[in-house]
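Novice: Sharing query-v9.txt below, compact mmCIF, C-alpha atoms (C1' of nucleotides):
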# COMPACT_ATOMS: atom_id res chain seq x y z
CA MET B 1 129.61 122.38 140.15
CA SER B 2 128.95 122.07 143.83
CA LEU B 3 127.31 118.68 143.52
CA PRO B 4 129.48 115.63 142.77
CA HIS B 5 129.49 114.64 139.11
CA PRO B 6 131.57 111.82 137.63
CA GLU B 7 134.35 112.82 135.26
CA THR B 8 133.66 112.02 131.64
CA ASP B 9 135.92 108.99 131.60
CA GLN B 10 134.34 107.67 134.77
CA ILE B 11 130.94 107.38 133.13
CA THR B 12 130.24 103.69 132.57
CA LEU B 13 127.68 102.06 130.30
CA PRO B 14 126.26 99.72 132.99
CA ASN B 15 125.62 102.73 135.22
CA VAL B 16 124.06 104.76 132.42
CA LEU B 17 121.82 101.89 131.33
CA ALA B 18 120.71 101.24 134.90
CA ALA B 19 119.98 104.95 135.34
CA LEU B 20 117.87 105.08 132.17
CA GLY B 21 116.06 101.82 132.89
CA ASP B 22 113.34 103.52 134.92
CA ASP B 23 110.20 105.19 133.62
CA THR B 24 110.50 108.33 135.72
CA ARG B 25 114.13 108.90 134.83
CA LEU B 26 113.61 108.18 131.15
CA ALA B 27 110.81 110.77 131.16
CA ILE B 28 113.17 113.31 132.74
CA ILE B 29 115.62 112.68 129.90
CA GLY B 30 112.83 113.06 127.35
CA CYS B 31 111.84 116.43 128.83
CA LEU B 32 115.44 117.59 128.89
CA ALA B 33 115.94 116.54 125.29
CA ARG B 34 113.10 118.86 124.35
CA CYS B 35 114.31 121.79 126.41
CA ASP B 36 118.05 121.43 126.39
CA ALA B 37 118.66 123.99 123.67
CA SER B 38 116.74 126.55 125.73
CA GLY B 39 118.87 126.09 128.83
CA GLY B 40 117.51 122.94 130.42
CA LEU B 41 114.96 122.77 133.20
CA VAL B 42 114.84 123.09 136.97
CA CYS B 43 113.78 120.20 139.18
CA GLY B 44 110.43 121.71 140.04
CA GLN B 45 109.42 121.57 136.39
CA PHE B 46 109.34 117.78 136.60
CA SER B 47 106.78 117.92 139.39
CA GLY B 48 104.16 116.36 137.13
CA LEU B 49 106.15 113.13 137.14
CA THR B 50 106.31 112.33 140.85
CA SER B 51 106.73 113.81 144.33
CA LYS B 52 109.36 116.38 145.24
CA THR B 53 111.23 113.93 147.45
CA ASN B 54 111.20 111.26 144.81
CA LEU B 55 112.46 113.74 142.21
CA THR B 56 115.47 114.51 144.36
CA TYR B 57 116.17 110.79 144.39
CA HIS B 58 115.84 110.24 140.64
CA VAL B 59 117.73 113.39 139.69
CA ALA B 60 120.57 112.26 141.95
CA LYS B 61 120.62 108.87 140.24
CA LEU B 62 120.94 110.47 136.82
CA ARG B 63 123.60 112.86 138.06
CA GLU B 64 125.65 110.12 139.71
CA ALA B 65 125.50 108.04 136.54
CA GLY B 66 126.84 111.02 134.57
CA VAL B 67 123.75 111.47 132.42
CA ILE B 68 122.83 114.97 133.59
CA ASN B 69 124.48 118.02 135.05
CA VAL B 70 122.88 119.71 138.05
CA ARG B 71 123.86 123.27 138.87
CA PRO B 72 122.50 125.27 141.83
CA GLU B 73 120.77 128.48 140.81
CA GLY B 74 119.53 130.19 143.90
CA THR B 75 117.20 127.77 145.62
CA LYS B 76 116.68 125.98 142.32
CA ARG B 77 118.66 123.30 140.53
CA ARG B 78 119.21 123.70 136.83
CA VAL B 79 119.36 120.36 135.08
CA THR B 80 120.95 119.77 131.68
CA LEU B 81 121.90 116.74 129.63
CA ARG B 82 125.58 115.86 129.44
CA ARG B 83 125.30 115.50 125.68
CA ASP B 84 128.92 116.06 124.75
CA ASP B 85 130.25 113.79 127.46
CA LEU B 86 127.89 110.96 126.57
CA ASP B 87 128.54 111.36 122.84
CA GLN B 88 132.23 111.12 123.54
CA ARG B 89 131.95 108.00 125.68
CA PHE B 90 129.16 106.17 123.80
CA PRO B 91 128.79 107.60 120.29
CA GLY B 92 125.26 107.46 118.97
CA PHE B 93 123.83 106.14 122.20
CA LEU B 94 122.13 109.23 123.58
CA ASP B 95 120.64 110.23 120.25
CA SER B 96 119.11 106.80 119.79
CA VAL B 97 117.60 106.88 123.28
CA ILE B 98 116.30 110.42 122.91
CA ALA B 99 114.64 109.61 119.59
CA THR B 100 112.25 107.36 121.51
CA ALA B 101 112.21 109.01 124.96
CA ILE B 102 111.14 112.35 123.52
CA ASP B 103 107.75 110.90 122.57
CA LEU B 104 106.91 109.07 125.79
CA PRO B 105 103.41 109.84 127.11
CA ALA B 106 104.75 111.15 130.42
CA VAL B 107 106.95 113.57 128.50
CA GLU B 108 104.06 114.84 126.41
CA THR B 109 102.02 115.46 129.52
CA THR B 110 104.80 117.18 131.41
CA MET B 111 105.70 119.44 128.48
CA ARG B 112 102.10 120.46 127.93
CA GLU B 113 101.84 121.44 131.60
CA LEU B 114 105.02 123.49 131.27
CA GLU B 115 103.82 125.34 128.19
CA SER B 116 100.57 126.28 129.87
CA THR B 117 102.32 127.71 132.94
CA THR B 118 105.11 129.52 131.11
CA GLU B 119 104.51 133.23 130.54
CA PRO B 120 104.91 134.13 126.87
CA GLY B 121 108.00 136.24 126.41
CA SER B 122 109.88 134.91 129.43
CA ALA B 123 113.57 134.16 129.05
CA MET L 1 109.97 79.74 118.29
CA SER L 2 108.60 77.62 121.08
CA LEU L 3 109.44 80.16 123.73
CA PRO L 4 107.42 83.40 123.92
CA HIS L 5 109.11 86.36 122.26
CA PRO L 6 107.60 89.84 121.90
CA GLU L 7 106.73 90.96 118.39
CA THR L 8 109.04 93.61 116.99
CA ASP L 9 106.57 96.44 117.55
CA GLN L 10 105.98 95.33 121.13
CA ILE L 11 109.60 95.91 122.08
CA THR L 12 109.76 99.02 124.25
CA LEU L 13 112.75 101.16 125.14
CA PRO L 14 112.09 101.17 128.92
CA ASN L 15 112.01 97.36 128.89
CA VAL L 16 115.16 97.10 126.79
CA LEU L 17 117.04 99.58 128.97
CA ALA L 18 115.96 97.80 132.14
CA ALA L 19 117.04 94.48 130.64
CA LEU L 20 120.48 95.83 129.72
CA GLY L 21 120.95 97.64 133.02
CA ASP L 22 122.46 94.61 134.71
CA ASP L 23 126.08 93.47 134.60
CA THR L 24 125.35 89.82 133.91
CA ARG L 25 122.93 90.56 131.11
CA LEU L 26 125.14 93.19 129.54
CA ALA L 27 127.96 90.65 129.52
CA ILE L 28 125.69 88.16 127.76
CA ILE L 29 125.02 90.77 125.08
CA GLY L 30 128.74 91.47 124.76
CA CYS L 31 129.46 87.77 124.23
CA LEU L 32 126.67 87.47 121.68
CA ALA L 33 127.94 90.51 119.81
CA ARG L 34 131.25 88.74 119.39
CA CYS L 35 129.74 85.42 118.28
CA ASP L 36 126.59 86.43 116.51
CA ALA L 37 128.01 86.15 113.01
CA SER L 38 129.05 82.58 113.80
CA GLY L 39 125.57 81.48 114.84
CA GLY L 40 125.24 82.76 118.38
CA LEU L 41 125.86 80.77 121.55
CA VAL L 42 124.05 78.29 123.74
CA CYS L 43 123.18 79.06 127.34
CA GLY L 44 125.83 76.75 128.76
CA GLN L 45 128.55 78.83 127.15
CA PHE L 46 127.74 81.66 129.54
CA SER L 47 128.44 79.44 132.53
CA GLY L 48 131.48 81.54 133.43
CA LEU L 49 129.18 84.42 134.28
CA THR L 50 126.95 82.89 136.95
CA SER L 51 125.08 79.74 138.00
CA LYS L 52 122.95 77.67 135.65
CA THR L 53 119.76 78.60 137.46
CA ASN L 54 120.60 82.26 137.42
CA LEU L 55 121.41 82.10 133.72
CA THR L 56 117.95 80.76 133.00
CA TYR L 57 116.60 83.79 134.82
CA HIS L 58 118.73 86.39 133.03
CA VAL L 59 118.29 84.83 129.59
CA ALA L 60 114.53 84.89 130.11
CA LYS L 61 114.70 88.58 131.03
CA LEU L 62 116.55 89.41 127.83
CA ARG L 63 114.18 87.30 125.76
CA GLU L 64 111.07 88.84 127.32
CA ALA L 65 112.44 92.32 126.65
CA GLY L 66 112.95 91.41 122.99
CA VAL L 67 116.73 91.73 123.03
CA ILE L 68 117.57 88.13 122.19
CA ASN L 69 116.05 85.16 120.44
CA VAL L 70 116.15 81.77 122.15
CA ARG L 71 115.63 78.67 120.04
CA PRO L 72 115.63 75.08 121.39
CA GLU L 73 118.22 72.87 119.78
CA GLY L 74 118.01 69.44 121.31
CA THR L 75 118.61 69.88 125.02
CA LYS L 76 120.35 73.18 124.32
CA ARG L 77 119.05 76.70 123.77
CA ARG L 78 120.60 78.67 120.98
CA VAL L 79 120.75 82.38 121.77
CA THR L 80 121.10 85.13 119.19
CA LEU L 81 120.77 88.91 119.21
CA ARG L 82 117.64 90.39 117.67
CA ARG L 83 119.76 92.83 115.71
CA ASP L 84 117.36 93.61 112.88
CA ASP L 85 114.38 94.05 115.19
CA LEU L 86 116.25 96.36 117.53
CA ASP L 87 117.74 98.36 114.65
CA GLN L 88 114.27 98.83 113.28
CA ARG L 89 112.79 99.97 116.59
CA PHE L 90 115.72 102.00 117.94
CA PRO L 91 118.13 102.88 115.14
CA GLY L 92 121.73 103.11 116.27
CA PHE L 93 120.97 101.97 119.80
CA LEU L 94 122.25 98.41 119.74
CA ASP L 95 125.43 99.30 117.87
CA SER L 96 126.30 101.98 120.39
CA VAL L 97 125.73 99.60 123.29
CA ILE L 98 127.68 96.78 121.70
CA ALA L 99 130.63 99.04 120.99
CA THR L 100 131.19 99.25 124.74
CA ALA L 101 129.73 95.94 125.94
CA ILE L 102 132.02 93.95 123.69
CA ASP L 103 135.04 95.02 125.75
CA LEU L 104 133.67 94.42 129.24
CA PRO L 105 136.03 92.42 131.48
CA ALA L 106 133.44 89.68 132.05
CA VAL L 107 133.10 89.31 128.29
CA GLU L 108 136.85 89.03 127.80
CA THR L 109 137.03 86.31 130.44
CA THR L 110 134.09 84.36 129.10
CA MET L 111 135.32 84.49 125.52
CA ARG L 112 138.80 83.36 126.51
CA GLU L 113 137.30 80.38 128.30
CA LEU L 114 135.26 79.54 125.22
CA GLU L 115 138.23 79.70 122.89
CA SER L 116 140.24 77.37 125.09
CA THR L 117 137.46 74.78 125.26
CA THR L 118 136.44 74.92 121.60
CA GLU L 119 138.01 72.23 119.43
CA PRO L 120 139.78 73.72 116.43
CA GLY L 121 137.87 72.87 113.26
CA SER L 122 134.49 72.45 114.92
CA ALA L 123 131.43 73.87 113.19
C1' DT I 1 114.00 139.46 160.73
C1' DA I 2 110.10 136.86 158.95
C1' DT I 3 108.44 134.33 155.28
C1' DC I 4 108.22 131.91 151.01
C1' DT I 5 110.13 128.94 147.63
C1' DT I 6 112.85 125.12 146.32
C1' DG I 7 114.95 121.38 147.21
C1' DT I 8 117.41 117.94 150.70
C1' DT I 9 117.86 114.55 154.41
C1' DC I 10 116.37 110.86 157.03
C1' DA I 11 114.00 106.79 158.45
C1' DA I 12 110.60 103.67 157.21
C1' DT I 13 108.10 100.91 154.00
C1' DG I 14 106.71 98.09 150.09
C1' DG I 15 107.81 95.94 146.14
C1' DA I 16 110.67 94.28 142.76
C1' DT I 17 114.82 91.85 141.53
C1' DA I 18 118.90 88.80 141.86
C1' DT I 19 120.68 84.66 143.70
C1' DT I 20 120.67 79.98 145.48
C1' DG I 21 119.90 74.83 145.97
C1' DA I 22 117.07 70.91 145.39
C1' DA I 23 114.20 68.50 142.57
C1' DC I 24 112.61 68.07 138.05
C1' DT I 25 111.99 67.58 132.68
C1' DA I 26 113.45 66.78 128.00
C1' DA I 27 116.53 65.29 124.43
C1' DT I 28 120.68 62.44 123.42
C1' DG I 29 123.68 58.47 123.19
C1' DC I 30 125.03 54.19 124.74
C1' DG U 1 116.09 51.21 129.33
C1' DC U 2 119.70 53.92 131.57
C1' DA U 3 122.78 57.36 132.17
C1' DT U 4 124.21 61.88 130.61
C1' DT U 5 123.70 66.54 129.24
C1' DA U 6 121.31 70.93 129.27
C1' DG U 7 118.27 73.60 131.03
C1' DT U 8 113.82 74.57 133.95
C1' DT U 9 110.84 75.11 137.97
C1' DC U 10 110.00 76.16 142.53
C1' DA U 11 110.45 78.02 147.04
C1' DA U 12 113.23 80.65 149.86
C1' DT U 13 116.18 84.30 150.75
C1' DA U 14 118.68 88.48 150.31
C1' DT U 15 119.28 92.62 148.45
C1' DC U 16 118.46 96.45 146.17
C1' DC U 17 115.36 100.05 144.61
C1' DA U 18 111.43 103.27 144.44
C1' DT U 19 108.29 105.73 147.16
C1' DT U 20 106.52 108.30 151.09
C1' DG U 21 106.09 111.86 154.88
C1' DA U 22 108.07 114.67 158.33
C1' DA U 23 111.52 117.66 159.46
C1' DC U 24 115.15 120.42 157.79
C1' DA U 25 118.38 123.88 155.08
C1' DA U 26 119.42 127.58 151.93
C1' DG U 27 118.44 131.29 149.04
C1' DA U 28 115.12 134.93 147.68
C1' DT U 29 112.03 138.59 148.93
C1' DA U 30 109.64 141.73 151.60
Let's see the structure in the file written out as structure tokens.
Specialist:
Amino acid sequence: MSLPHPETDQITLPNVLAALGDDTRLAIIGCLARCDASGGLVCGQFSGLTSKTNLTYHVAKLREAGVINVRPEGTKRRVTLRRDDLDQRFPGFLDSVIATAIDLPAVETTMRELESTTEPGSA
Amino acid sequence: MSLPHPETDQITLPNVLAALGDDTRLAIIGCLARCDASGGLVCGQFSGLTSKTNLTYHVAKLREAGVINVRPEGTKRRVTLRRDDLDQRFPGFLDSVIATAIDLPAVETTMRELESTTEPGSA
DNA sequence: TATCTTGTTCAATGGATATTGAACTAATGC
DNA sequence: GCATTAGTTCAATATCCATTGAACAAGATA
């Protein structure tokens, strides 16, 4: 982890709620919830949501709140949900949020774009 | 209900998260979670948290997001959690938030003040 | 080395949000 | 009717937050 992430026990509910209380960031979480089992996503894959600069900003917010993990991968940044950490701190919380976030319109749109640009058979 | 409250199916997760993503409002929820079984609280009982004017503002935010119910009672406003409505819309969400919010420092302080000013034996 | 891709940094802006105090309204109790 | 209690409204401010564009940095690739 080259980027600063809060330790599990430093994740606070006010920070997490504030981080999720934004349409763009909630959509990011919705996308991740759909793709997390297949290794998460890289920042560029959220480009349907807003500008590159703005994505950097929102991804940093989520990372600093302890909601996501961001790992450099070449020039890319692989983003994953901190499921275990959040479950440990706030049992049931993430699941209940995801249940709704996963169906947000912005998430639908973004995922459809991803499917259409992903080569079949790619890892 | 003389004050405008959203219908159950008009309560949205982004609005609820934004409403809860504030220290004062999260403390209000924590207090309510402790007192909800005993009929909720009136606005004035949150006076330890911030000014009267500011309380009006934050209580309105929570009401407009569909998190609380506010019912006039003489010159007072009785505030209760919309537990059933939130459980229906976002199963598990409120419980997971309350589990943490109930122990916030501001909630501890406010509740201690309330206990010391409540006459024993009052309804 | 040159170039492309991906994302960051910075400064500036606009807009939303929280906070305040003064004046006000509505219900209650004397 | 008058004072009291409880909360609201309004205008002003202060602050934070999201968004943008230009310039930059780092890794990949040729």
Novice: Please return, as a list in words, all residues of chain I lying within 9 Å of chain B when all atoms listed in the file are considered.
Specialist: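 Result, ordered by chain then number: DT5, DT6, DG7 and DT8 of chain I.
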Novice: Write the residues of the selection above to a file with C-alpha atoms (C1' of nucleotides), as a PDB file, in the frame of the given file.
Specialist:
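File out.pdb, as written:
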ATOM      1  C1'  DT I   5     110.130 128.940 147.630  1.00  0.00           C
ATOM      2  C1'  DT I   6     112.850 125.120 146.320  1.00  0.00           C
ATOM      3  C1'  DG I   7     114.950 121.380 147.210  1.00  0.00           C
ATOM      4  C1'  DT I   8     117.410 117.940 150.700  1.00  0.00           C
TER       5       DT I   8
END
Novice: Can you build me a table of chain L residues sitting at most 7 Å from chain B, with the closest atom pair per residue and its distance in Å to one decimal, using all atoms listed in the file, sorted by chain and residue number, as CSV?
Specialist:
residue,atom,partner,partner_atom,distance
L:Pro14,CA,B:Gly21,CA,5.7
L:Leu17,CA,B:Gly21,CA,4.6
L:Ala18,CA,B:Gly21,CA,4.1
L:Leu20,CA,B:Leu17,CA,6.4
L:Gly21,CA,B:Ala18,CA,4.1
L:Asp22,CA,B:Pro14,CA,6.6
L:Asp23,CA,B:Pro14,CA,6.5
L:Phe90,CA,B:Ser96,CA,6.2
L:Pro91,CA,B:Ser96,CA,6.2
L:Gly92,CA,B:Ser96,CA,5.7
L:Phe93,CA,B:Ser96,CA,5.2
L:Ser96,CA,B:Phe93,CA,5.2
L:Val97,CA,B:Phe93,CA,6.9
Novice: For a cut-off of 9 Å around (113.5, 103.0, 142.7), file coordinates, pick out all residues using only C-alpha atoms (C1' of nucleotides) and list them as a ChimeraX atom specification.
Specialist: /B:22,54,57-58 /U:16-19
Novice: Taking into account only C-alpha atoms, which residue in the set L:Arg71, L:Arg63, L:Arg83, L:Arg112 is nearest to L:Leu41?
Specialist: L:Arg71
Novice: Please determine the contact residues of chain U with respect to chain B at a cut-off of 10 Å, counting only C-alpha atoms (C1' of nucleotides), and supply them as a PyMOL selection string.
Specialist: chain U and resi 18-21+26-28
Novice: List the neighbours of B:Arg34 out to 9 Å using only C-alpha atoms (C1' of nucleotides); skip same-chain residues closer than 4 positions along the sequence, and give me the result as a ChimeraX atom specification.
Specialist: /B:29-30,38,40,102,111
Novice: As an exercise, work out the distance from atom CA of L:Ala60 to atom C1' of U:DT8 in Å and give it to one decimal place.
Specialist: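 Answer for the atom CA of L:Ala60 to atom C1' of U:DT8 separation: 11.0 Å.
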Novice: Fewer than 3 positions away in the same chain doesn't count, so skip those; otherwise give me all residues within 12 Å of I:DC30, counting all atoms listed in the file, as number ranges by chain.
Specialist: U: 1-4
Novice: One number please: atom CA of B:Leu81 to atom CA of B:Leu32, in Å, one decimal.
Specialist: 6.6 Å
Novice: What gap, in Å, lies between atom CA of B:Asp103 and atom CA of L:Gln10?
Specialist: 15.7 Å
Novice: Would you list the residues near (106.2, 88.3, 118.0), meaning any protein, DNA or RNA residue with an atom at most 12 Å from that point in file coordinates, counting all atoms listed in the file, as a list in words?
Specialist: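 The residues near that point, listed by chain and number, are Met1, Ser2, Leu3, Pro4, His5, Pro6, Glu7, Thr8, Asp9, Gln10, Ile11, Arg63, Glu64, Ala65, Gly66, Asn69, Arg82 and Asp85 of chain L.
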